[in-house]
Structures are given as structure tokens and as C-alpha cells.
Amino acid sequence: MTFAATILTLYPEMFPGPLGISLAGRALERGDWSCETVQIRDFAKDKHRTVDDTPAGGGAGMVLKPDVIGAALASLGTGRPILAMTPRGKPITQARIREIAQGPGVAILCGRFEGFDERIFEAYPQIEQVSLADIVLSGGETAALAILDACIRLLPGVMGAPDSGVEESYENGLIEYPQYTRPQEWEGRTIPEVLRSGDHAKIAAWRKARSEEDTRLRRPDLWERYSDVRDRSASGARRKD
């Protein structure tokens with residue numbers, strides 16, 4: 001089954017962009033996924049193909065018009081999730097990426113200017129308002145590329161090793177442990193001895209401990225959620241005993 005990606009955008013020339021090379025590009029050539037763009041401007045009704053207007057109540061910038069965006073959305077088929085890229089959205093998670101990657105595809109609506117008329121989300125409650133992080137981009141296209149890349153790399157056969165998509169940051173609620181490779185010594189710094197021991201149990205324990213420690217220090221938000229889940233699991237196990 002081909003993973004079908006549709007991007008609603010004012011800049012269709014941005015796609016597939018970097019997704020046309022490397023692993024994603026080869027997967028596109030094989031037909032593992034498809035990339036279709038929808039030019040939002042094609043749904044404007046006036047001779048100037050106007051897609052935006054001034055904010056109601058005043059203020060800086062322009063807002064994407066609901067009639068134009070609504071018509072573009074109405075052109076989509078059903079059966080796939082629709083994401084709207086907006087800094088007002090909920091930061092997307094690796095867990096949600098994995099869910100999307102296991103489905104038939106995704107449609108992504110790319111915001112511009114001051115964003116969308118809120119009535120779009122009232123008319124289409126199935127739309128998921130998502131963001132990449134607590135940052136503001138010039139438009140949703142670069143965020144859409146990142147989300148598509150995250151999905152495509154999880155498609156069957158895209159990555160070489162089956163475990164490549166599992167032992168990574170965020171997959172188990174932690175950031176990934178540090179990685180090392182040859183040479184064994186570089187500028188006076190050596191690979192940790194445990195990684196050279198050949199003892200797989202000790203290596204696994206070291207990696208888990210480092211993941212936990214680095215998450216605690218670098219991402220206290222993730223660590224808090226991870227600790228809560230771990231504590232609830234431990235409490236449940238004790239109750240069963």
C-alpha cells in the first residue's frame with residue numbers, strides 16, 4: 001500500500017524538495033509513498049485569486065480566507081488524517097507520527113501570514129492543529145516537510161535495519177543514548193569501555209541509564225512524563241503481587 005501525502009499550499013514548488021533525495025527519494029521512486037500538491041490559490045473566486053484578507057478587529061498581517069481554504073479542503077477525499085500546520089497547534093509527538101505512518105497517508109494544510117480564519121476548524125473539526133515546537137516559521141511548508149520525513153522513514157523497507165526506527169529518541173519516552181564509532185581514540189577521548197566489552201547485557205544497561213540521565217538533565221518535561229508512567233507501572237505491578 002502506498003502512503004499518500006497531499007499538501008495544500010501556496011508554494012507547491014517546495015515539494016518534494018529534500019524528500020526527493022536520499023532514503024525518502026528512493027522510496028518515492030519505488031512507489032512506497034506518493035506526493036501530491038494542491039495549490040490553494042486555485043480555489044480563489046476573484047480575478048486576482050485572493051487568498052487572504054485583513055484581520056477582523058484590526059491588527060497586523062493578513063489571514064487566510066475561510067471560503068478559499070474551505071473549498072481547497074472540500075477537494076480532498078476521505079480516509080486520511082488532515083493536519084493543519086500552525087504555531088497555535090499542539091506539538092506533534094513521535095507516537096502520533098508512528099500512528100500516521102501506519103495508515104494510508106496524510107493531508108497537510110500549510111499556513112501562511114497570520115494563520116487561518118478560526119471558522120475553518122469549526123467547519124472541519126476533524127482537522128488536527130499541530131506544530132513542530134514552540135517556534136514560529138514563515139509558513140507551514142517546512143514543518144510539513146519535517147513531518148513527512150518523520151513518517152516516510154518509518155514506512156516498511158525505507159530504513160535498512162528493522163530496529164532503526166525503534167531505538168531512537170522519543171520512541172520509549174526518553175532521548176536516545178549517546179553514540180560512538182571508530183576510531184577508538186580521537187583527540188585523547190576514548191569510546192566508553194563498556195561499549196567495547198562485548199557484554200550485551202551491560203551495554204543495554206549502560207544505554208538505558210544514559211538515556212534516563214540525559215533525559216532528566218536535558219528534557220525535564222519528558223523526564224516528568226516518563227517518571228509518571230514508570231511509577232504507575234511499578235504501582236500496578238506491586239498491586240498484582
# chains A, B, ... in the order shown; residues from 1 in each chain; ligands from 1
$ closest_atom_pairs --of "range 88-165 of chain A" --to "range 7-12 of chain A" --cutoff "6 Å" --atoms "only C-alpha atoms" --output "tab-separated table"
residue	atom	partner	partner_atom	distance
A:Ala107	CA	A:Ile7	CA	5.7
A:Ile108	CA	A:Ile7	CA	4.9
A:Leu109	CA	A:Leu8	CA	4.8
A:Cys110	CA	A:Thr9	CA	5.3
$ write_last_selection --atoms "all heavy atoms" --output "JSON list (two decimals), in the first residue's frame"
[["chain", "number", "residue", "atom", "x", "y", "z"],
["A", 107, "ALA", "N", -2.99, 14.31, 4.79],
["A", 107, "ALA", "CA", -3.12, 15.58, 4.10],
["A", 107, "ALA", "C", -2.65, 16.67, 5.05],
["A", 107, "ALA", "O", -3.03, 16.66, 6.23],
["A", 107, "ALA", "CB", -4.56, 15.83, 3.66],
["A", 108, "ILE", "N", -1.83, 17.59, 4.56],
["A", 108, "ILE", "CA", -1.27, 18.63, 5.41],
["A", 108, "ILE", "C", -1.61, 19.99, 4.83],
["A", 108, "ILE", "O", -1.29, 20.29, 3.67],
["A", 108, "ILE", "CB", 0.26, 18.48, 5.57],
["A", 108, "ILE", "CG1", 0.61, 17.09, 6.11],
["A", 108, "ILE", "CG2", 0.81, 19.56, 6.48],
["A", 108, "ILE", "CD1", 2.10, 16.87, 6.30],
["A", 109, "LEU", "N", -2.25, 20.82, 5.63],
["A", 109, "LEU", "CA", -2.63, 22.17, 5.25],
["A", 109, "LEU", "C", -1.57, 23.13, 5.80],
["A", 109, "LEU", "O", -1.35, 23.18, 7.01],
["A", 109, "LEU", "CB", -4.01, 22.50, 5.82],
["A", 109, "LEU", "CG", -4.54, 23.92, 5.64],
["A", 109, "LEU", "CD1", -4.67, 24.28, 4.17],
["A", 109, "LEU", "CD2", -5.88, 24.06, 6.36],
["A", 110, "CYS", "N", -0.93, 23.87, 4.91],
["A", 110, "CYS", "CA", 0.17, 24.74, 5.31],
["A", 110, "CYS", "C", -0.30, 26.17, 5.50],
["A", 110, "CYS", "O", -0.84, 26.78, 4.58],
["A", 110, "CYS", "CB", 1.28, 24.71, 4.26],
["A", 110, "CYS", "SG", 2.01, 23.08, 4.01]]
$ select_by_dssp --residues "range 108-163 of chain A" --states "strand (DSSP E or B)" --output "list in words"
Ile108, Leu109, Cys110, Arg112, Phe116, Glu128, Gln129, Val130, Ser131 and Gly139 of chain A
$ closest_residue --among "A:Ala24, A:Val51, A:Ala101, A:Leu73" --to "Tyr124 in chain A" --atoms "only C-alpha atoms"
A:Leu73
$ residues_around --residues "Arg112 in chain A" --least-positions-apart "6" --cutoff "7 Å" --atoms "only C-alpha atoms" --output "list in words"
Ser138, Gly139 and Gly140 of chain A
$ select_by_dssp --residues "range 17-237 of chain A" --states "helix (DSSP H, G or I)" --output "PyMOL selection string"
chain A and resi 17-20+22-30+40-43+66-74+94-101+119-123+141-152+162-165+193-196+200-218+220-237
$ residues_around --residues "Arg26 in chain A" --least-positions-apart "5" --cutoff "12 Å" --atoms "only C-alpha atoms" --output "PyMOL selection string"
chain A and resi 18-21+31-34+152-153+157-159
$ atom_distance --atom1 "CA of Pro220 in chain A" --atom2 "CA of Gly173 in chain A"
11.5 Å
$ residues_around --residues "Pro81 in chain A" --least-positions-apart "3" --cutoff "9 Å" --atoms "only C-alpha atoms" --output "VMD selection string"
chain A and resid 78 100 103 105 to 108 126 to 128
$ write_last_selection --atoms "all heavy atoms" --output "PDB file, in the first residue's frame"
ATOM      1  N   THR A  78     -11.640  11.295   1.539  1.00  0.00           N
ATOM      2  CA  THR A  78     -11.737  10.951   2.957  1.00  0.00           C
ATOM      3  C   THR A  78     -10.807   9.784   3.280  1.00  0.00           C
ATOM      4  O   THR A  78     -10.226   9.176   2.388  1.00  0.00           O
ATOM      5  CB  THR A  78     -13.182  10.581   3.322  1.00  0.00           C
ATOM      6  OG1 THR A  78     -13.596   9.465   2.506  1.00  0.00           O
ATOM      7  CG2 THR A  78     -14.122  11.748   3.074  1.00  0.00           C
ATOM      8  N   ILE A 100       0.363   7.798  12.213  1.00  0.00           N
ATOM      9  CA  ILE A 100       0.104   8.267  10.854  1.00  0.00           C
ATOM     10  C   ILE A 100       0.828   7.397   9.832  1.00  0.00           C
ATOM     11  O   ILE A 100       0.271   7.038   8.790  1.00  0.00           O
ATOM     12  CB  ILE A 100       0.531   9.742  10.713  1.00  0.00           C
ATOM     13  CG1 ILE A 100      -0.361  10.635  11.582  1.00  0.00           C
ATOM     14  CG2 ILE A 100       0.467  10.193   9.252  1.00  0.00           C
ATOM     15  CD1 ILE A 100       0.131  12.069  11.679  1.00  0.00           C
ATOM     16  N   GLY A 103      -0.856   4.290   8.637  1.00  0.00           N
ATOM     17  CA  GLY A 103      -2.117   4.453   7.941  1.00  0.00           C
ATOM     18  C   GLY A 103      -1.932   4.655   6.446  1.00  0.00           C
ATOM     19  O   GLY A 103      -0.836   4.485   5.899  1.00  0.00           O
ATOM     20  N   GLY A 105      -2.013   7.401   4.709  1.00  0.00           N
ATOM     21  CA  GLY A 105      -1.376   8.640   4.293  1.00  0.00           C
ATOM     22  C   GLY A 105      -1.839   9.807   5.133  1.00  0.00           C
ATOM     23  O   GLY A 105      -2.433   9.629   6.204  1.00  0.00           O
ATOM     24  N   VAL A 106      -1.599  11.018   4.626  1.00  0.00           N
ATOM     25  CA  VAL A 106      -1.938  12.223   5.389  1.00  0.00           C
ATOM     26  C   VAL A 106      -2.114  13.387   4.430  1.00  0.00           C
ATOM     27  O   VAL A 106      -1.496  13.438   3.366  1.00  0.00           O
ATOM     28  CB  VAL A 106      -0.822  12.532   6.418  1.00  0.00           C
ATOM     29  CG1 VAL A 106       0.487  12.888   5.722  1.00  0.00           C
ATOM     30  CG2 VAL A 106      -1.243  13.627   7.380  1.00  0.00           C
ATOM     31  N   ALA A 107      -2.990  14.306   4.792  1.00  0.00           N
ATOM     32  CA  ALA A 107      -3.118  15.584   4.097  1.00  0.00           C
ATOM     33  C   ALA A 107      -2.652  16.670   5.051  1.00  0.00           C
ATOM     34  O   ALA A 107      -3.029  16.662   6.232  1.00  0.00           O
ATOM     35  CB  ALA A 107      -4.555  15.828   3.662  1.00  0.00           C
ATOM     36  N   ILE A 108      -1.832  17.586   4.563  1.00  0.00           N
ATOM     37  CA  ILE A 108      -1.270  18.634   5.411  1.00  0.00           C
ATOM     38  C   ILE A 108      -1.608  19.992   4.827  1.00  0.00           C
ATOM     39  O   ILE A 108      -1.288  20.288   3.670  1.00  0.00           O
ATOM     40  CB  ILE A 108       0.255  18.484   5.567  1.00  0.00           C
ATOM     41  CG1 ILE A 108       0.613  17.093   6.109  1.00  0.00           C
ATOM     42  CG2 ILE A 108       0.808  19.563   6.482  1.00  0.00           C
ATOM     43  CD1 ILE A 108       2.102  16.868   6.301  1.00  0.00           C
ATOM     44  N   GLN A 126     -12.469  17.659  12.291  1.00  0.00           N
ATOM     45  CA  GLN A 126     -11.531  16.526  12.195  1.00  0.00           C
ATOM     46  C   GLN A 126     -10.093  16.980  11.959  1.00  0.00           C
ATOM     47  O   GLN A 126      -9.153  16.183  12.081  1.00  0.00           O
ATOM     48  CB  GLN A 126     -11.956  15.574  11.073  1.00  0.00           C
ATOM     49  CG  GLN A 126     -11.779  16.095   9.647  1.00  0.00           C
ATOM     50  CD  GLN A 126     -12.992  16.858   9.136  1.00  0.00           C
ATOM     51  OE1 GLN A 126     -13.683  17.518   9.896  1.00  0.00           O
ATOM     52  NE2 GLN A 126     -13.243  16.746   7.835  1.00  0.00           N
ATOM     53  N   ILE A 127      -9.904  18.242  11.626  1.00  0.00           N
ATOM     54  CA  ILE A 127      -8.548  18.740  11.390  1.00  0.00           C
ATOM     55  C   ILE A 127      -7.769  18.761  12.705  1.00  0.00           C
ATOM     56  O   ILE A 127      -8.253  19.246  13.725  1.00  0.00           O
ATOM     57  CB  ILE A 127      -8.574  20.151  10.783  1.00  0.00           C
ATOM     58  CG1 ILE A 127      -9.176  20.119   9.376  1.00  0.00           C
ATOM     59  CG2 ILE A 127      -7.168  20.749  10.727  1.00  0.00           C
ATOM     60  CD1 ILE A 127      -9.299  21.491   8.741  1.00  0.00           C
ATOM     61  N   GLU A 128      -6.538  18.257  12.662  1.00  0.00           N
ATOM     62  CA  GLU A 128      -5.636  18.314  13.813  1.00  0.00           C
ATOM     63  C   GLU A 128      -4.734  19.533  13.661  1.00  0.00           C
ATOM     64  O   GLU A 128      -3.977  19.623  12.693  1.00  0.00           O
ATOM     65  CB  GLU A 128      -4.778  17.058  13.895  1.00  0.00           C
ATOM     66  CG  GLU A 128      -5.548  15.762  14.037  1.00  0.00           C
ATOM     67  CD  GLU A 128      -4.623  14.552  14.025  1.00  0.00           C
ATOM     68  OE1 GLU A 128      -3.543  14.613  14.677  1.00  0.00           O
ATOM     69  OE2 GLU A 128      -4.953  13.561  13.346  1.00  0.00           O
TER      70      GLU A 128
END
